[in-house]
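Reading through the structure tokens given below for one structure.
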Amino acid sequence: MHKVNLITLGCPKNTVDSERMHRLLERNDYVLTRSSEDADLIVVNTCGFIQPAKEESIATVLEAADYKESGNCKGLIVTGCLAERYRDELEAELTEADLIVGLAGERDIVAHCDRLLGVSRAQTLRDDASRFLLTPNHWAYLRISDGCDRTCAFCAIPGFKGPNRSEPIEILVAEAFRMVADGVKEIALVAQDTMRYGADIYGRPRLVDLIRELVKIDGLKWVRLLYTYPTGWREDLIDLLATEEKLCAYVDMPIQHASDPILKAMNRSTTKAGIRKLIQTLRERVPNLTVRTSVIAGFPGEREEHVRELLDFIDEIQFNRLVGFLYSHEEGTSAGLMIDDVSEAEKRERLDRILDLQAAISAEINQGFVGQTFQVLVDRVSEDPAFDLIGRTRMDAPEIDGEVTITGPAQIGEFAEVEITDAFEYDLIGRTTSPLPLLHIAPPLKDEVRP
């Protein structure tokens with residue numbers, strides 16, 4: 001059987017695409033391998049969002065192309081957002097790739113691989129809804145929609161992904177049922193804009209209705225909201241966040257900036273006062289809420305007074321989690337028509353100040369957790385021999401937030417009560433507070449004698 005190495009770059013939405021391609025290939029007798037060296041064919045699922053992601057994608061493709069000389073590789077397929085956004089340019093200039101496949105073509109990945117490898121088959125087995133999870137068995141992403149209706153000045157995604165397209169509630173619930181049946185305990189809802197879920201097919205947003213159906217699934221313990229837009233919040237969603245035990249008290253809400261002139265130039269449809277009021281409302285009504293955000297440094301026209309205003313706002317709000325990005329001047333965006341008048345050095349200096357401030361805020365918040373006990377979902381074994389395991393609290397989304405380094409017994413993929421004993425800027429250290437149940441204690445070996 002032929003071996004395929006599927007390399008995934010970019011965001012969780014890309015991960016979902018790779019999981020579906022993985023399942024299609026597997027169902028049609030391809031063997032998926034993590035090694036590029038022994039693969040008969042390499043597929044690179046690229047990201048094309050901003051310049052650093054594009055550069056990483058091109059570098060990965062070129063590295064993969066080397067295996068056509070030094071390994072077994074007989075073909076190289078480039079797919080994903082970079083392929084969708086720059087298909088014509090890549091076909092003309094990226095001669096190392098044997099095939100450039102846009103996003104719509106991913107559902108035909110088996111046919112593309114067959115073609116490059118000279119495989120003939122009577123029938124291709126299809127199940128576009130099924131996925132091979134590339135995440136650990138106990139958590140997964142659920143992509144509820146793709147595309148975006150927003151017109152943020154810095155973002156190219158609507159230009160190559162199109163408007164918001166939601167999956168029907170019944171399809172998503174069935175997908176979640178399958179994942180939970182296979183051991184998934186946490187589902188993170190992802191989209192370009194989760195707040196717009198359902199508006200395109202139901203005539204109004206129906207995120208709350210979707211969540212209410214998901215939390216009915218036995219065995220599903222945590223549902224997490226990612227990519228919420230500040231102006232999309234409604235009373236029923238806030239009420240649900242405050243009262244539904246399975247819905248993590250966690251809000252991922254990119255604000256991008258906090259100076260009104262910059263927010264207006266970004267076409268963000270919100271203001272500093274509006275963001276402040278929303279966060280105050282959420283914190284007043286949702287106990288123990290964690291707020292995560294992202295900001296951009298160096299947008300065209302940003303001046304020192306705008307940066308100070310953003311820093312003051314970050315200090316005022318005390319975000320639990322914050323990530324920052326350098327502004328990337330992208331063609332096909334309205335900001336791309338502006339003069340990119342902030343130097344790369346200035347962008348970096350401003351971002352460093354933002355991240356230094358957030359590091360101090362995070363360290364202080366985390367110190368307040370020392371001595372408290374949290375329910376932690378155990379993700380993996382610790383690579384540090386001084387500790388046993390790595391896990392996360394409800395306050396931390398997988399792959400993007402902090403972790404808890406644990407000493408003491410616990411099971412991967414299960415929950416453990418962990419007392420926090422130390423804290424750093426982003427991560428916590430703790431020990432389990434209860435022994436494993438008897439069913440999890442291994443019986444003695446036949447010749448083993450207990451003392």
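Residue numbers start at 1 in each chain; chains themselves are named A, B, ... in the order of the structure tokens; ligands are numbered from 1 in the order shown.
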query = If you run DSSP on the backbone, which residues of segment 136-369 of chain A are strand (DSSP E or B), as a ChimeraX atom specification?
reply = /A:139-143,145-146,165-166,186-190,222-225,247-252,256,290-297,321-326
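Near Val381 of chain A, within 8 Å and counting only C-alpha atoms, sit Asp388, Leu389, Ile390 and Ile412 of chain A; same-chain residues fewer than 4 positions away were not included.
Going from atom CA of Arg303 of chain A over to atom CA of Gly232 of chain A, you cover 28.7 Å.
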task = Mind checking which residues fall within 12 Å of Gly274 of chain A, counting only C-alpha atoms, ignoring those fewer than 2 positions away in the same chain, and posting them as a ChimeraX atom specification?
result = /A:230-233,255,258-260,263,268-272,276-281
key: Residue contacts of Glu63 of chain A (10 Å, only C-alpha atoms) excluding same-chain residues fewer than 5 positions away, as JSON, numbers by chain   = {"A": [36, 57, 58, 68, 96]}
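Counting from atom CA of Asp422 of chain A, the distance to atom CA of Gly324 of chain A is 25.7 Å.
With only C-alpha atoms taken into account, the protein and nucleic acid residues at most 8 Å from Gly371 of chain A (excluding it and anything under 2 positions from it in its own chain) are Phe369, Thr373, Glu419, Ile420 and Thr421 of chain A.
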Store the residues of this selection in a file with N, CA and C atoms, as a PDB file, in the first residue's frame.
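Okay, this is what ended up in selection.pdb:
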ATOM      1  N   PHE A 369      -3.625  31.825  42.041  1.00  0.00           N
ATOM      2  CA  PHE A 369      -4.171  30.469  42.001  1.00  0.00           C
ATOM      3  C   PHE A 369      -3.420  29.502  42.918  1.00  0.00           C
ATOM      4  N   THR A 373      -7.454  24.485  44.264  1.00  0.00           N
ATOM      5  CA  THR A 373      -7.555  23.182  43.602  1.00  0.00           C
ATOM      6  C   THR A 373      -8.476  23.300  42.394  1.00  0.00           C
ATOM      7  N   GLU A 419      -4.045  20.427  43.051  1.00  0.00           N
ATOM      8  CA  GLU A 419      -3.769  21.599  43.876  1.00  0.00           C
ATOM      9  C   GLU A 419      -2.575  22.345  43.291  1.00  0.00           C
ATOM     10  N   ILE A 420      -2.733  23.648  43.081  1.00  0.00           N
ATOM     11  CA  ILE A 420      -1.674  24.458  42.490  1.00  0.00           C
ATOM     12  C   ILE A 420      -0.651  24.812  43.563  1.00  0.00           C
ATOM     13  N   THR A 421       0.601  24.487  43.278  1.00  0.00           N
ATOM     14  CA  THR A 421       1.681  24.711  44.230  1.00  0.00           C
ATOM     15  C   THR A 421       2.645  25.815  43.814  1.00  0.00           C
TER      16      THR A 421
END
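If you count only C-alpha atoms and ignore residues fewer than 4 places along the chain from Glu425 of chain A, what sits within 8 Å of it is Ala359, Ala360, Ser362, Ala363, Glu364 and Asn366 of chain A.
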Just the selected residues (N, CA and C atoms), exported as a PDB file, in the first residue's frame, please.
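File produced: result32.pdb:
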ATOM      1  N   ALA A 359       2.683  39.778  30.227  1.00  0.00           N
ATOM      2  CA  ALA A 359       3.408  38.782  31.013  1.00  0.00           C
ATOM      3  C   ALA A 359       3.322  39.114  32.498  1.00  0.00           C
ATOM      4  N   ALA A 360       3.459  40.387  32.832  1.00  0.00           N
ATOM      5  CA  ALA A 360       3.359  40.794  34.237  1.00  0.00           C
ATOM      6  C   ALA A 360       1.946  40.578  34.765  1.00  0.00           C
ATOM      7  N   SER A 362      -0.287  38.398  33.635  1.00  0.00           N
ATOM      8  CA  SER A 362      -0.528  36.954  33.732  1.00  0.00           C
ATOM      9  C   SER A 362       0.160  36.361  34.951  1.00  0.00           C
ATOM     10  N   ALA A 363       1.398  36.792  35.216  1.00  0.00           N
ATOM     11  CA  ALA A 363       2.128  36.273  36.366  1.00  0.00           C
ATOM     12  C   ALA A 363       1.388  36.591  37.661  1.00  0.00           C
ATOM     13  N   GLU A 364       0.866  37.807  37.756  1.00  0.00           N
ATOM     14  CA  GLU A 364       0.147  38.199  38.974  1.00  0.00           C
ATOM     15  C   GLU A 364      -1.146  37.416  39.122  1.00  0.00           C
ATOM     16  N   ASN A 366      -1.815  34.441  37.881  1.00  0.00           N
ATOM     17  CA  ASN A 366      -1.496  33.046  38.173  1.00  0.00           C
ATOM     18  C   ASN A 366      -1.043  32.845  39.610  1.00  0.00           C
TER      19      ASN A 366
END
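Considering the residues A:Gly391, A:Gly48, A:Gly368, A:Pro300 and counting only C-alpha atoms, Phe154 of chain A has its shortest atom-to-atom contact with A:Pro300.
Note that the spacing between atom CA of Asp114 of chain A and atom CA of Leu76 of chain A amounts to 12.3 Å.
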